[in-house]
file run-v6.cif (mmCIF, C-alpha atoms)
data_entry
#
loop_
_atom_site.label_atom_id
_atom_site.label_comp_id
_atom_site.auth_asym_id
_atom_site.auth_seq_id
_atom_site.Cartn_x
_atom_site.Cartn_y
_atom_site.Cartn_z
CA MET A 1 6.15 -23.08 -6.80
CA MET A 2 9.93 -22.89 -6.70
CA ASP A 3 12.44 -22.10 -3.99
CA ARG A 4 14.89 -20.56 -6.49
CA TYR A 5 15.13 -19.76 -10.17
CA VAL A 6 18.30 -19.49 -12.25
CA SER A 7 17.91 -18.22 -15.79
CA PRO A 8 19.88 -19.45 -18.76
CA LYS A 9 22.67 -17.14 -19.92
CA LEU A 10 21.17 -13.84 -21.02
CA SER A 11 22.50 -10.79 -22.80
CA VAL A 12 21.28 -7.37 -23.81
CA PRO A 13 21.72 -6.57 -27.51
CA PRO A 14 24.32 -3.79 -27.85
CA ARG A 15 23.17 -0.39 -29.00
CA PRO A 16 24.21 0.31 -32.63
CA ASP A 17 25.82 3.58 -31.57
CA GLY A 18 27.89 1.94 -28.85
CA GLU A 19 26.29 4.09 -26.13
CA ARG A 20 25.01 2.76 -22.83
CA TYR A 21 21.37 2.09 -22.21
CA ASP A 22 19.55 4.50 -19.91
CA ARG A 23 17.97 1.65 -18.02
CA VAL A 24 17.61 -2.10 -18.11
CA ASP A 25 14.58 -3.57 -16.36
CA LEU A 26 13.84 -7.10 -15.29
CA GLU A 27 10.14 -7.92 -15.56
CA LEU A 28 8.30 -10.88 -14.10
CA HIS A 29 4.90 -11.78 -15.49
CA GLY A 30 2.20 -14.15 -14.37
CA ILE A 31 3.22 -14.13 -10.71
CA ASP A 32 1.00 -16.28 -8.51
CA HIS A 33 0.12 -14.31 -5.36
CA SER A 34 -2.46 -16.66 -3.91
CA GLY A 35 -0.42 -17.35 -0.77
CA GLN A 36 1.48 -15.23 1.72
CA SER A 37 3.47 -12.08 0.99
CA PHE A 38 7.05 -12.54 -0.09
CA ALA A 39 10.10 -10.80 -1.49
CA VAL A 40 12.18 -11.92 -4.46
CA ARG A 41 15.89 -11.12 -4.24
CA VAL A 42 17.49 -10.62 -7.64
CA PHE A 43 21.15 -11.45 -8.25
CA ILE A 44 23.11 -10.90 -11.44
CA ASP A 45 25.54 -13.63 -12.50
CA GLU A 46 25.50 -15.30 -9.12
CA PRO A 47 23.89 -18.68 -9.91
CA ASP A 48 24.56 -20.12 -6.46
CA ALA A 49 22.78 -17.28 -4.63
CA GLY A 50 20.41 -18.37 -1.88
CA PRO A 51 18.60 -16.94 1.15
CA GLN A 52 21.89 -16.50 3.00
CA THR A 53 23.65 -14.59 0.19
CA PRO A 54 24.16 -10.96 1.26
CA ALA A 55 21.38 -8.78 -0.09
CA THR A 56 23.08 -5.49 0.67
CA PRO A 57 24.51 -2.64 -1.39
CA GLU A 58 28.00 -3.99 -0.65
CA ASN A 59 27.22 -7.04 -2.81
CA SER A 60 27.42 -5.62 -6.33
CA ARG A 61 25.70 -8.71 -7.73
CA TYR A 62 22.56 -8.02 -5.70
CA ALA A 63 20.30 -5.94 -7.96
CA GLY A 64 17.49 -5.35 -5.46
CA SER A 65 14.26 -7.01 -4.41
CA LEU A 66 10.75 -7.29 -5.76
CA TYR A 67 7.88 -7.44 -3.29
CA VAL A 68 4.56 -9.22 -3.66
CA PHE A 69 1.53 -8.56 -1.42
CA GLY A 70 -0.05 -11.99 -1.07
CA HIS A 71 -3.77 -12.55 -1.31
CA GLY A 72 -3.84 -15.11 1.48
CA PRO A 73 -5.54 -18.49 1.63
CA CYS A 74 -8.85 -19.06 -0.11
CA LEU A 75 -11.59 -18.31 2.39
CA GLY A 76 -14.64 -18.73 0.19
CA ASP A 77 -16.89 -21.51 -0.86
CA GLU A 78 -16.04 -23.90 -3.66
CA GLY A 79 -15.06 -22.01 -6.82
CA HIS A 80 -14.45 -18.71 -5.06
CA CYS A 81 -10.74 -18.65 -5.89
CA GLU A 82 -10.94 -19.97 -9.45
CA VAL A 83 -9.76 -17.21 -11.77
CA PRO A 84 -12.14 -16.89 -14.75
CA THR A 85 -10.52 -17.27 -18.13
CA GLY A 86 -12.27 -14.19 -19.43
CA PRO A 87 -15.36 -12.00 -19.11
CA VAL A 88 -18.78 -13.61 -18.86
CA SER A 89 -19.95 -11.63 -21.87
CA ALA A 90 -19.12 -8.57 -23.93
CA TYR A 91 -21.10 -6.60 -21.36
CA ASP A 92 -19.00 -7.76 -18.42
CA PHE A 93 -17.26 -4.59 -17.22
CA ARG A 94 -16.26 -5.90 -13.83
CA GLU A 95 -12.73 -5.60 -12.45
CA PRO A 96 -10.35 -8.53 -13.02
CA HIS A 97 -10.56 -11.36 -10.49
CA PRO A 98 -8.53 -10.50 -7.37
CA LEU A 99 -6.30 -13.52 -7.97
CA SER A 100 -5.35 -12.43 -11.49
CA PRO A 101 -1.57 -12.91 -11.82
CA LYS A 102 0.76 -10.11 -10.79
CA TYR A 103 3.37 -8.19 -12.73
CA ARG A 104 6.54 -6.82 -11.15
CA ARG A 105 9.64 -5.08 -12.45
CA LEU A 106 13.01 -3.99 -11.13
CA SER A 107 15.76 -1.86 -12.64
CA ILE A 108 18.92 -3.97 -12.76
CA THR A 109 21.01 -1.31 -14.53
CA ALA A 110 23.45 -0.63 -11.71
CA ALA A 111 24.09 -4.27 -10.87
CA LEU A 112 24.56 -5.12 -14.54
CA ARG A 113 27.13 -2.37 -15.02
CA ALA A 114 28.94 -3.29 -11.80
CA THR A 115 29.30 -6.96 -12.66
CA VAL A 116 29.39 -8.03 -16.29
CA GLY A 117 28.77 -4.75 -18.09
CA GLU A 118 25.98 -4.25 -20.57
CA ALA A 119 27.78 -6.19 -23.29
CA GLY A 120 28.39 -9.33 -21.25
CA THR A 121 26.35 -12.46 -20.77
CA PHE A 122 24.91 -13.22 -17.37
CA THR A 123 22.44 -15.26 -15.42
CA VAL A 124 19.60 -13.91 -13.29
CA THR A 125 18.98 -15.72 -10.02
CA LEU A 126 15.70 -15.16 -8.21
CA VAL A 127 15.56 -16.08 -4.53
CA PRO A 128 12.10 -15.83 -2.93
CA VAL A 129 12.06 -15.16 0.81
CA ALA A 130 9.30 -14.58 3.33
CA ASN A 131 9.96 -11.07 4.56
CA HIS A 132 8.20 -11.19 7.91
CA GLY A 133 8.64 -12.82 11.26
CA GLY A 134 12.25 -11.71 11.32
CA SER A 135 13.23 -15.01 9.70
CA TYR A 136 13.80 -14.02 6.10
CA GLU A 137 13.91 -17.67 5.21
CA GLY A 138 13.47 -19.04 1.75
CA GLY A 139 10.71 -21.34 0.66
CA ASP A 140 8.51 -22.48 -2.17
CA LEU A 141 6.90 -19.11 -2.69
CA LEU A 142 7.50 -18.09 -6.28
CA SER A 143 5.64 -19.09 -9.39
CA PHE A 144 5.67 -17.01 -12.57
CA THR A 145 5.20 -17.56 -16.27
CA ARG A 146 7.63 -15.22 -18.01
CA LEU A 147 10.81 -13.24 -17.36
CA SER A 148 11.60 -10.28 -19.62
CA LEU A 149 14.63 -8.03 -19.99
CA VAL A 150 13.71 -4.60 -21.31
CA ALA A 151 16.42 -2.08 -22.23
CA TYR A 152 15.62 1.62 -22.67
CA SER A 153 17.69 4.14 -24.59
CA MET B 1 -47.28 21.27 2.46
CA PRO B 2 -44.36 23.19 0.91
CA VAL B 3 -41.03 21.43 0.61
CA PRO B 4 -38.54 23.02 3.00
CA LEU B 5 -35.63 24.62 1.23
CA ALA B 6 -33.29 24.51 4.19
CA PRO B 7 -31.42 21.29 5.01
CA LEU B 8 -33.38 19.14 7.41
CA ARG B 9 -30.21 18.21 9.23
CA ALA B 10 -27.26 20.49 9.84
CA PRO B 11 -23.80 19.11 9.01
CA GLU B 12 -22.19 17.53 12.03
CA ASN B 13 -18.86 19.18 11.31
CA PRO B 14 -19.53 22.41 9.43
CA SER B 15 -15.93 23.64 9.62
CA THR B 16 -14.39 24.50 6.27
CA ASP B 17 -10.87 24.48 7.71
CA LEU B 18 -8.43 22.07 6.18
CA HIS B 19 -7.29 19.50 8.63
CA HIS B 20 -3.83 17.99 8.72
CA ARG B 21 -2.83 14.36 8.92
CA VAL B 22 0.36 14.22 10.96
CA SER B 23 3.06 11.65 11.65
CA VAL B 24 2.15 8.93 14.12
CA PHE B 25 5.28 9.94 16.02
CA ASN B 26 4.03 13.52 16.43
CA LEU B 27 0.47 12.90 17.62
CA ASP B 28 -0.10 14.95 20.73
CA PRO B 29 -1.99 13.25 23.58
CA SER B 30 -5.37 14.69 22.56
CA GLN B 31 -4.91 13.68 18.91
CA LEU B 32 -3.93 10.13 19.87
CA ALA B 33 -6.81 9.91 22.33
CA ALA B 34 -9.28 10.98 19.63
CA LEU B 35 -7.93 8.39 17.20
CA ARG B 36 -8.16 5.66 19.80
CA ASP B 37 -11.63 6.74 20.81
CA ALA B 38 -12.93 6.65 17.24
CA PHE B 39 -11.44 3.19 16.57
CA ALA B 40 -12.80 1.91 19.86
CA LYS B 41 -16.29 3.05 18.84
CA LEU B 42 -16.11 1.71 15.27
CA LYS B 43 -14.79 -1.73 16.18
CA PRO B 44 -17.92 -3.16 17.83
CA LEU B 45 -20.30 -1.80 15.16
CA ARG B 46 -21.56 -4.66 12.98
CA ASP B 47 -23.27 -2.51 10.36
CA ASN B 48 -21.83 -0.61 7.41
CA ARG B 49 -20.14 1.94 9.67
CA GLY B 50 -17.99 -0.55 11.53
CA LEU B 51 -14.32 -1.42 11.05
CA GLN B 52 -15.32 -4.91 9.93
CA ALA B 53 -17.44 -3.53 7.10
CA TRP B 54 -14.71 -1.12 5.96
CA ALA B 55 -11.99 -3.77 6.15
CA GLY B 56 -14.25 -6.08 4.17
CA ILE B 57 -14.27 -3.66 1.26
CA HIS B 58 -10.50 -3.98 0.83
CA GLY B 59 -10.17 -7.70 1.57
CA TRP B 60 -12.48 -10.52 2.53
CA PRO B 61 -15.26 -10.68 1.45
CA GLN B 62 -15.45 -7.91 -1.18
CA PHE B 63 -11.82 -7.68 -2.38
CA ARG B 64 -12.47 -4.38 -4.13
CA CYS B 65 -8.97 -2.97 -3.55
CA GLN B 66 -7.03 -1.91 -6.62
CA HIS B 67 -3.54 -3.32 -6.93
CA THR B 68 -1.32 -4.01 -9.91
CA ASN B 69 -2.09 -7.17 -11.80
CA GLU B 70 -0.92 -8.72 -15.01
CA GLN B 71 -2.98 -6.27 -17.04
CA GLY B 72 -0.10 -3.85 -16.64
CA PRO B 73 0.94 -1.06 -14.31
CA ALA B 74 -1.67 -0.02 -11.79
CA ARG B 75 -3.92 2.71 -13.01
CA PHE B 76 -5.95 3.27 -9.88
CA PHE B 77 -3.85 2.05 -6.96
CA LEU B 78 -3.30 5.53 -5.54
CA PRO B 79 -6.67 7.14 -6.39
CA TRP B 80 -8.69 4.16 -5.17
CA HIS B 81 -6.89 4.00 -1.84
CA ARG B 82 -7.13 7.78 -1.39
CA ALA B 83 -10.89 7.60 -1.79
CA TYR B 84 -11.03 4.60 0.57
CA LEU B 85 -9.06 6.41 3.29
CA TYR B 86 -11.15 9.55 2.86
CA MET B 87 -14.41 7.67 3.31
CA PHE B 88 -13.10 5.76 6.31
CA GLU B 89 -11.75 8.93 7.93
CA LEU B 90 -15.22 10.46 7.66
CA GLU B 91 -16.61 7.42 9.42
CA LEU B 92 -14.04 7.85 12.19
CA GLN B 93 -14.94 11.53 12.46
CA ARG B 94 -18.60 10.67 12.83
CA GLN B 95 -17.56 8.86 16.01
CA ASN B 96 -15.13 11.53 17.16
CA ALA B 97 -15.01 14.79 15.21
CA ALA B 98 -11.43 15.52 16.28
CA THR B 99 -10.10 12.34 14.67
CA ARG B 100 -7.55 12.52 11.88
CA LEU B 101 -5.77 9.65 10.22
CA CYS B 102 -2.03 9.68 10.90
CA TRP B 103 0.81 8.52 8.68
CA TRP B 104 3.28 5.82 9.55
CA ASP B 105 6.75 7.21 8.94
CA TRP B 106 8.50 3.98 7.91
CA PRO B 107 12.08 5.37 7.84
CA ALA B 108 11.59 6.78 11.35
CA SER B 109 10.46 3.32 12.48
CA ARG B 110 13.74 1.63 11.51
CA THR B 111 14.87 1.75 15.13
CA VAL B 112 11.58 1.14 16.96
CA GLY B 113 9.61 -1.13 14.63
CA ILE B 114 5.85 -0.83 15.02
CA PRO B 115 5.12 2.69 16.38
CA PRO B 116 4.29 2.56 20.10
CA ALA B 117 0.87 4.15 19.47
CA TYR B 118 -0.07 0.94 17.64
CA ASP B 119 2.22 -1.48 19.47
CA ASP B 120 1.29 -0.87 23.09
CA VAL B 121 -1.08 -3.64 24.12
CA GLN B 122 -2.59 -1.72 27.03
CA VAL B 123 -3.39 1.96 27.42
CA GLU B 124 -4.23 3.21 30.89
CA GLY B 125 -5.25 -0.24 31.97
CA ALA B 126 -7.48 -0.97 28.99
CA PRO B 127 -6.76 -2.73 25.67
CA ASN B 128 -5.25 -0.41 23.06
CA PRO B 129 -7.83 -0.17 20.23
CA LEU B 130 -4.99 0.37 17.74
CA ALA B 131 -3.09 -2.81 18.65
CA SER B 132 -5.38 -5.22 16.81
CA GLY B 133 -8.81 -5.70 15.28
CA ALA B 134 -11.29 -8.54 15.24
CA MET B 135 -10.82 -11.04 12.45
CA PRO B 136 -13.74 -11.61 10.07
CA GLU B 137 -16.34 -14.07 11.30
CA ASN B 138 -18.28 -14.77 8.13
CA VAL B 139 -15.94 -17.28 6.48
CA PRO B 140 -17.10 -20.76 5.51
CA GLU B 141 -14.03 -22.34 7.12
CA ARG B 142 -11.63 -20.52 9.41
CA PRO B 143 -8.06 -21.25 8.30
CA ALA B 144 -5.73 -22.89 10.80
CA GLY B 145 -3.80 -20.28 12.69
CA TRP B 146 -6.50 -17.64 12.62
CA GLY B 147 -7.00 -16.09 16.01
CA PRO B 148 -9.94 -14.03 17.25
CA THR B 149 -7.97 -10.83 16.54
CA THR B 150 -5.32 -9.75 14.06
CA ARG B 151 -1.70 -10.76 14.67
CA ARG B 152 1.58 -9.17 13.64
CA GLU B 153 4.86 -11.04 13.18
CA HIS B 154 7.09 -8.25 12.05
CA GLY B 155 10.64 -8.46 10.81
CA ASP B 156 13.78 -6.64 11.92
CA PRO B 157 13.03 -2.88 12.04
CA SER B 158 16.19 -2.10 10.06
CA LEU B 159 14.56 -3.81 7.07
CA LEU B 160 11.85 -1.17 6.76
CA PRO B 161 12.35 1.24 3.83
CA ASP B 162 15.00 3.86 4.53
CA GLN B 163 14.79 7.53 3.61
CA GLY B 164 17.00 7.06 0.55
CA THR B 165 14.68 4.41 -0.86
CA VAL B 166 11.64 6.62 -0.26
CA GLU B 167 13.32 9.60 -1.91
CA GLY B 168 14.39 7.43 -4.84
CA VAL B 169 10.75 6.51 -5.45
CA LEU B 170 9.62 10.13 -5.09
CA ALA B 171 12.22 11.23 -7.65
CA LYS B 172 10.68 9.17 -10.44
CA PRO B 173 9.43 11.68 -13.00
CA ASP B 174 6.79 9.49 -14.65
CA TYR B 175 3.58 9.16 -12.61
CA TYR B 176 2.84 5.55 -13.47
CA ASP B 177 6.47 4.62 -12.82
CA PHE B 178 6.14 6.33 -9.43
CA GLU B 179 2.81 4.66 -8.67
CA LEU B 180 4.12 1.20 -9.48
CA SER B 181 7.27 1.77 -7.42
CA VAL B 182 5.29 3.03 -4.43
CA GLU B 183 3.13 -0.05 -4.59
CA GLU B 184 5.73 -2.76 -5.02
CA GLN B 185 8.91 -1.33 -3.45
CA LEU B 186 7.32 0.36 -0.44
CA HIS B 187 3.69 -0.68 0.09
CA ASP B 188 4.06 -4.39 -0.62
CA ASN B 189 7.34 -4.51 1.26
CA VAL B 190 5.86 -3.04 4.45
CA HIS B 191 2.75 -5.23 4.31
CA GLY B 192 5.07 -8.24 4.18
CA TRP B 193 7.33 -6.81 6.88
CA VAL B 194 4.46 -6.44 9.38
CA GLY B 195 3.60 -10.05 8.70
CA GLY B 196 0.72 -11.95 10.22
CA ASP B 197 -2.69 -10.82 9.09
CA MET B 198 -1.36 -7.53 7.63
CA SER B 199 0.66 -9.50 5.12
CA VAL B 200 -2.26 -10.82 3.11
CA ILE B 201 -4.86 -8.84 1.19
CA ALA B 202 -7.74 -10.83 2.68
CA THR B 203 -7.22 -9.58 6.24
CA ALA B 204 -4.79 -6.62 6.12
CA ALA B 205 -7.38 -3.87 6.65
CA TYR B 206 -8.75 -5.56 9.76
CA ASP B 207 -5.52 -4.50 11.50
CA PRO B 208 -5.73 -0.82 12.57
CA ILE B 209 -2.13 -0.18 11.48
CA PHE B 210 -3.25 -0.77 7.89
CA TRP B 211 -4.79 2.71 7.92
CA ALA B 212 -1.59 4.42 9.09
CA HIS B 213 0.40 2.45 6.52
CA HIS B 214 -1.86 3.52 3.67
CA THR B 215 -1.98 7.09 4.92
CA MET B 216 1.82 7.12 4.43
CA VAL B 217 1.32 5.81 0.89
CA ASP B 218 -1.24 8.57 0.26
CA ARG B 219 1.15 11.17 1.71
CA LEU B 220 3.85 10.07 -0.74
CA TRP B 221 1.48 10.73 -3.64
CA SER B 222 0.83 14.17 -2.18
CA LEU B 223 4.59 14.81 -1.86
CA TRP B 224 5.18 13.60 -5.41
CA GLN B 225 2.49 15.99 -6.65
CA SER B 226 4.25 18.92 -4.95
CA GLN B 227 7.70 17.96 -6.12
CA HIS B 228 6.71 17.35 -9.72
CA ALA B 229 4.05 20.07 -10.05
CA SER B 230 1.64 17.51 -11.49
CA PRO B 231 -1.48 15.81 -10.19
CA GLY B 232 -0.32 12.49 -11.61
CA PRO B 233 -3.11 10.65 -13.41
CA PRO B 234 -3.68 11.98 -16.92
CA PRO B 235 -6.89 13.96 -17.46
CA ASP B 236 -8.38 11.27 -19.70
CA THR B 237 -8.75 9.10 -16.58
CA TYR B 238 -10.51 11.72 -14.49
CA ALA B 239 -14.06 10.53 -15.14
CA THR B 240 -13.26 7.04 -13.84
CA PRO B 241 -15.50 6.18 -10.89
CA LEU B 242 -13.75 4.77 -7.84
CA GLY B 243 -16.65 2.84 -6.36
CA PHE B 244 -17.32 5.18 -3.45
CA GLY B 245 -20.48 7.12 -4.15
CA LYS B 246 -19.93 9.77 -6.78
CA LEU B 247 -16.17 10.00 -6.33
CA THR B 248 -14.12 9.90 -9.50
CA ILE B 249 -10.38 10.30 -9.99
CA ALA B 250 -10.96 14.01 -10.65
CA ASP B 251 -12.39 14.36 -7.15
CA VAL B 252 -9.35 12.89 -5.40
CA VAL B 253 -6.31 14.26 -7.21
CA ASP B 254 -6.18 17.23 -4.84
CA THR B 255 -6.32 16.40 -1.12
CA LYS B 256 -7.42 19.95 -0.35
CA ARG B 257 -10.66 19.32 -2.22
CA LEU B 258 -11.22 16.50 0.24
CA GLY B 259 -10.50 18.77 3.17
CA TYR B 260 -7.07 17.65 4.27
CA ASP B 261 -3.37 18.13 3.81
CA TYR B 262 -0.24 16.52 5.22
CA ALA B 263 2.04 17.94 7.90
CA ALA B 264 4.76 16.63 10.17
CA SER B 265 2.93 17.94 13.23
CA VAL B 266 0.15 20.37 14.14
CA GLN B 267 -0.43 22.24 17.36
CA HIS B 268 -3.50 24.29 18.14
CA LEU B 269 -3.49 26.91 20.88
CA SER B 270 -6.76 28.18 22.25
CA VAL B 271 -6.77 31.91 22.81
CA PRO B 272 -8.63 33.00 25.94
CA ALA B 273 -11.76 34.96 25.12
CA ALA B 274 -10.42 37.96 27.00
CA ALA B 275 -7.42 38.13 24.66
CA GLN B 276 -9.45 37.92 21.45
CA ALA B 277 -9.95 41.10 19.46
CA GLN B 278 -13.37 42.55 19.96
CA PRO B 279 -15.21 43.87 16.89
CA GLY B 280 -14.93 47.63 16.85
CA ALA B 281 -12.20 47.70 19.46
CA ALA B 282 -9.41 50.20 18.92
#

call {"tool": "encode", "arguments": {"input": "run-v6.cif", "output": "structure tokens"}}
result
Amino acid sequence: MMDRYVSPKLSVPPRPDGERYDRVDLELHGIDHSGQSFAVRVFIDEPDAGPQTPATPENSRYAGSLYVFGHGPCLGDEGHCEVPTGPVSAYDFREPHPLSPKYRRLSITAALRATVGEAGTFTVTLVPVANHGGSYEGGDLLSFTRLSLVAYS
Amino acid sequence: MPVPLAPLRAPENPSTDLHHRVSVFNLDPSQLAALRDAFAKLKPLRDNRGLQAWAGIHGWPQFRCQHTNEQGPARFFLPWHRAYLYMFELELQRQNAATRLCWWDWPASRTVGIPPAYDDVQVEGAPNPLASGAMPENVPERPAGWGPTTRREHGDPSLLPDQGTVEGVLAKPDYYDFELSVEEQLHDNVHGWVGGDMSVIATAAYDPIFWAHHTMVDRLWSLWQSQHASPGPPPDTYATPLGFGKLTIADVVDTKRLGYDYAASVQHLSVPAAAQAQPGAA
């Protein structure tokens, strides 16, 4: 788990025709949701962003938030919350284990254009916060395996 | 002995009228009383009709709810939850035939927080059946912090989704894009905002407000269908079973086939018998 993630410098390859992309999405893969619910605030080129950084439309570097509905603590007997690595057999048509990792995405197009432009380099800062109890405090909530930038034309 | 051709048991609610699910803020006193009555009757039942059994389908111990996972965008988030609500509403109606689920208008709650219908602890000197539900008993080890009933620890009301955010999600032309946005930007956000036992999958449905929250989600699918003149899921998914009897996706794409529609409010006026037209009258 991490209380914050700052990406290396990223860039979106320019379109050969010089036009703008229709949309640029940030994708997170392999999100662990075995704990409580949380939000992930996404900032563009603001590597020092934290839980107190304004997450409002007035802050052009704030791209928006992703939300994860947590599974909650393991309530079962031993082994109940171990995610199987695959089906039991070729005839196993059951649904994926409830703790299978989550996928989330957010359009960062507007924030990208308002800050560094589509041709610039930038960092992505992810700030997980607990979005209940009125506290909106940060914490070790986020664990994921891959970040992707996907541009659509 | 010949087999009788007529049904042995008449339907309990033979009406073919569509019913309307209305905003929690527009429930009239009789509608709210019916909802509370049905919940109050379902809560103590320990068999498959009870709130515990229905909540246990979504979370602990069955965890059959459909949410997005790493396999890609959700394919059944909206259809599965529509079927789930439909089945649960029938169970409520078996307890009180006048019961209808209501939808939690999140943008309208940005000043009041939890709607008073669900927030008031006492109603006429008795516990409000919509304020909380019993937590599951059948766990090997009760986690620290679990109480006997569900708890809420909600955030600042102004952090609930505003109308612009809801309309932005509804405007998405692609169904799967819409479905994913409803789930993560609105549904997940509000679950987390309510906090407490509503904020985790295991126990969320044990809280009565879960059902108003998901009725709002279902209403947004219905609004999207109207605005985009499309049912949403592609026809090649229609045969997919949803795990509730014979219901498939084809059965749930149209709420009217399930006997309901959405409205902001509904008022019924009884017409005195003396004022009703008499057959053959001039």

call {"tool": "resolve_selection", "arguments": {"input": "run-v6.cif", "expression": "the PyMOL selection byres ((chain A and resi 41) around 6)", "output": "ChimeraX atom specification"}}
result
/A:40,42,65,126-127

call {"tool": "resolve_selection", "arguments": {"input": "run-v6.cif", "expression": "the PyMOL selection byres ((chain B and resi 139-152) around 6)", "output": "list in words"}}
result
Ser132, Gly133, Ala134, Met135, Glu137, Asn138, Glu153, His154, Val194, Gly195, Gly196, Asp197 and Asp207 of chain B

call {"tool": "write_last_selection", "arguments": {"input": "run-v6.cif", "atoms": "C-alpha atoms", "output": "PDB file, in the frame of the given file"}}
result
ATOM      1  CA  SER B 132      -5.380  -5.220  16.810  1.00  0.00           C
ATOM      2  CA  GLY B 133      -8.810  -5.700  15.280  1.00  0.00           C
ATOM      3  CA  ALA B 134     -11.290  -8.540  15.240  1.00  0.00           C
ATOM      4  CA  MET B 135     -10.820 -11.040  12.450  1.00  0.00           C
ATOM      5  CA  GLU B 137     -16.340 -14.070  11.300  1.00  0.00           C
ATOM      6  CA  ASN B 138     -18.280 -14.770   8.130  1.00  0.00           C
ATOM      7  CA  GLU B 153       4.860 -11.040  13.180  1.00  0.00           C
ATOM      8  CA  HIS B 154       7.090  -8.250  12.050  1.00  0.00           C
ATOM      9  CA  VAL B 194       4.460  -6.440   9.380  1.00  0.00           C
ATOM     10  CA  GLY B 195       3.600 -10.050   8.700  1.00  0.00           C
ATOM     11  CA  GLY B 196       0.720 -11.950  10.220  1.00  0.00           C
ATOM     12  CA  ASP B 197      -2.690 -10.820   9.090  1.00  0.00           C
ATOM     13  CA  ASP B 207      -5.520  -4.500  11.500  1.00  0.00           C
TER      14      ASP B 207
END

call {"tool": "closest_residue", "arguments": {"input": "run-v6.cif", "among": "B:Leu258, B:Leu101, B:Leu269, B:Ala204", "to": "chain A", "atoms": "all atoms listed in the file"}}
result
B:Ala204

call {"tool": "residues_near_point", "arguments": {"input": "run-v6.cif", "point": "(-4.6, -7.4, -1.5)", "cutoff": "7 Å", "atoms": "only C-alpha atoms", "output": "number ranges by chain"}}
result
A: 69-71; B: 59, 65, 67, 200-202

call {"tool": "resolve_selection", "arguments": {"input": "run-v6.cif", "expression": "the PyMOL selection byres ((chain A) within 8 of (chain B))", "output": "MDAnalysis selection string"}}
result
chainID A and resid 29:30 35:39 65:73 75:77 98 100:104 130:136

call {"tool": "residues_around", "arguments": {"input": "run-v6.cif", "residues": "Ala239 (chain B)", "least_positions_apart": "6", "cutoff": "12 Å", "atoms": "all atoms listed in the file", "output": "PDB file with C-alpha atoms, in the coordinates of the input"}}
result
ATOM      1  CA  PRO B  79      -6.670   7.140  -6.390  1.00  0.00           C
ATOM      2  CA  PRO B 233      -3.110  10.650 -13.410  1.00  0.00           C
ATOM      3  CA  LYS B 246     -19.930   9.770  -6.780  1.00  0.00           C
ATOM      4  CA  LEU B 247     -16.170  10.000  -6.330  1.00  0.00           C
ATOM      5  CA  THR B 248     -14.120   9.900  -9.500  1.00  0.00           C
ATOM      6  CA  ILE B 249     -10.380  10.300  -9.990  1.00  0.00           C
ATOM      7  CA  ALA B 250     -10.960  14.010 -10.650  1.00  0.00           C
ATOM      8  CA  ASP B 251     -12.390  14.360  -7.150  1.00  0.00           C
ATOM      9  CA  VAL B 252      -9.350  12.890  -5.400  1.00  0.00           C
ATOM     10  CA  VAL B 253      -6.310  14.260  -7.210  1.00  0.00           C
TER      11      VAL B 253
END

call {"tool": "residues_around", "arguments": {"input": "run-v6.cif", "residues": "Ser11 (chain A)", "least_positions_apart": "2", "cutoff": "9 Å", "atoms": "all atoms listed in the file", "output": "JSON list (two decimals) with C-alpha atoms, in the frame of the given file"}}
result
[["chain", "number", "residue", "atom", "x", "y", "z"],
["A", 9, "LYS", "CA", 22.67, -17.14, -19.92],
["A", 13, "PRO", "CA", 21.72, -6.57, -27.51],
["A", 14, "PRO", "CA", 24.32, -3.79, -27.85],
["A", 118, "GLU", "CA", 25.98, -4.25, -20.57],
["A", 119, "ALA", "CA", 27.78, -6.19, -23.29],
["A", 120, "GLY", "CA", 28.39, -9.33, -21.25],
["A", 121, "THR", "CA", 26.35, -12.46, -20.77],
["A", 122, "PHE", "CA", 24.91, -13.22, -17.37],
["A", 123, "THR", "CA", 22.44, -15.26, -15.42],
["A", 149, "LEU", "CA", 14.63, -8.03, -19.99]]

call {"tool": "atom_distance", "arguments": {"input": "run-v6.cif", "atom1": "CA of His81 (chain B)", "atom2": "CA of Arg146 (chain A)"}}
result
29.0 Å

call {"tool": "atom_distance", "arguments": {"input": "run-v6.cif", "atom1": "CA of Thr99 (chain B)", "atom2": "CA of Leu35 (chain B)"}}
result
5.2 Å

call {"tool": "atom_distance", "arguments": {"input": "run-v6.cif", "atom1": "CA of Ser107 (chain A)", "atom2": "CA of Lys172 (chain B)"}}
result
12.3 Å

call {"tool": "residues_around", "arguments": {"input": "run-v6.cif", "residues": "region 51-61 of chain A", "least_positions_apart": "4", "cutoff": "7 Å", "atoms": "all atoms listed in the file", "output": "PyMOL selection string"}}
result
chain A and resi 43-46+111+114-115+127+129+137-138
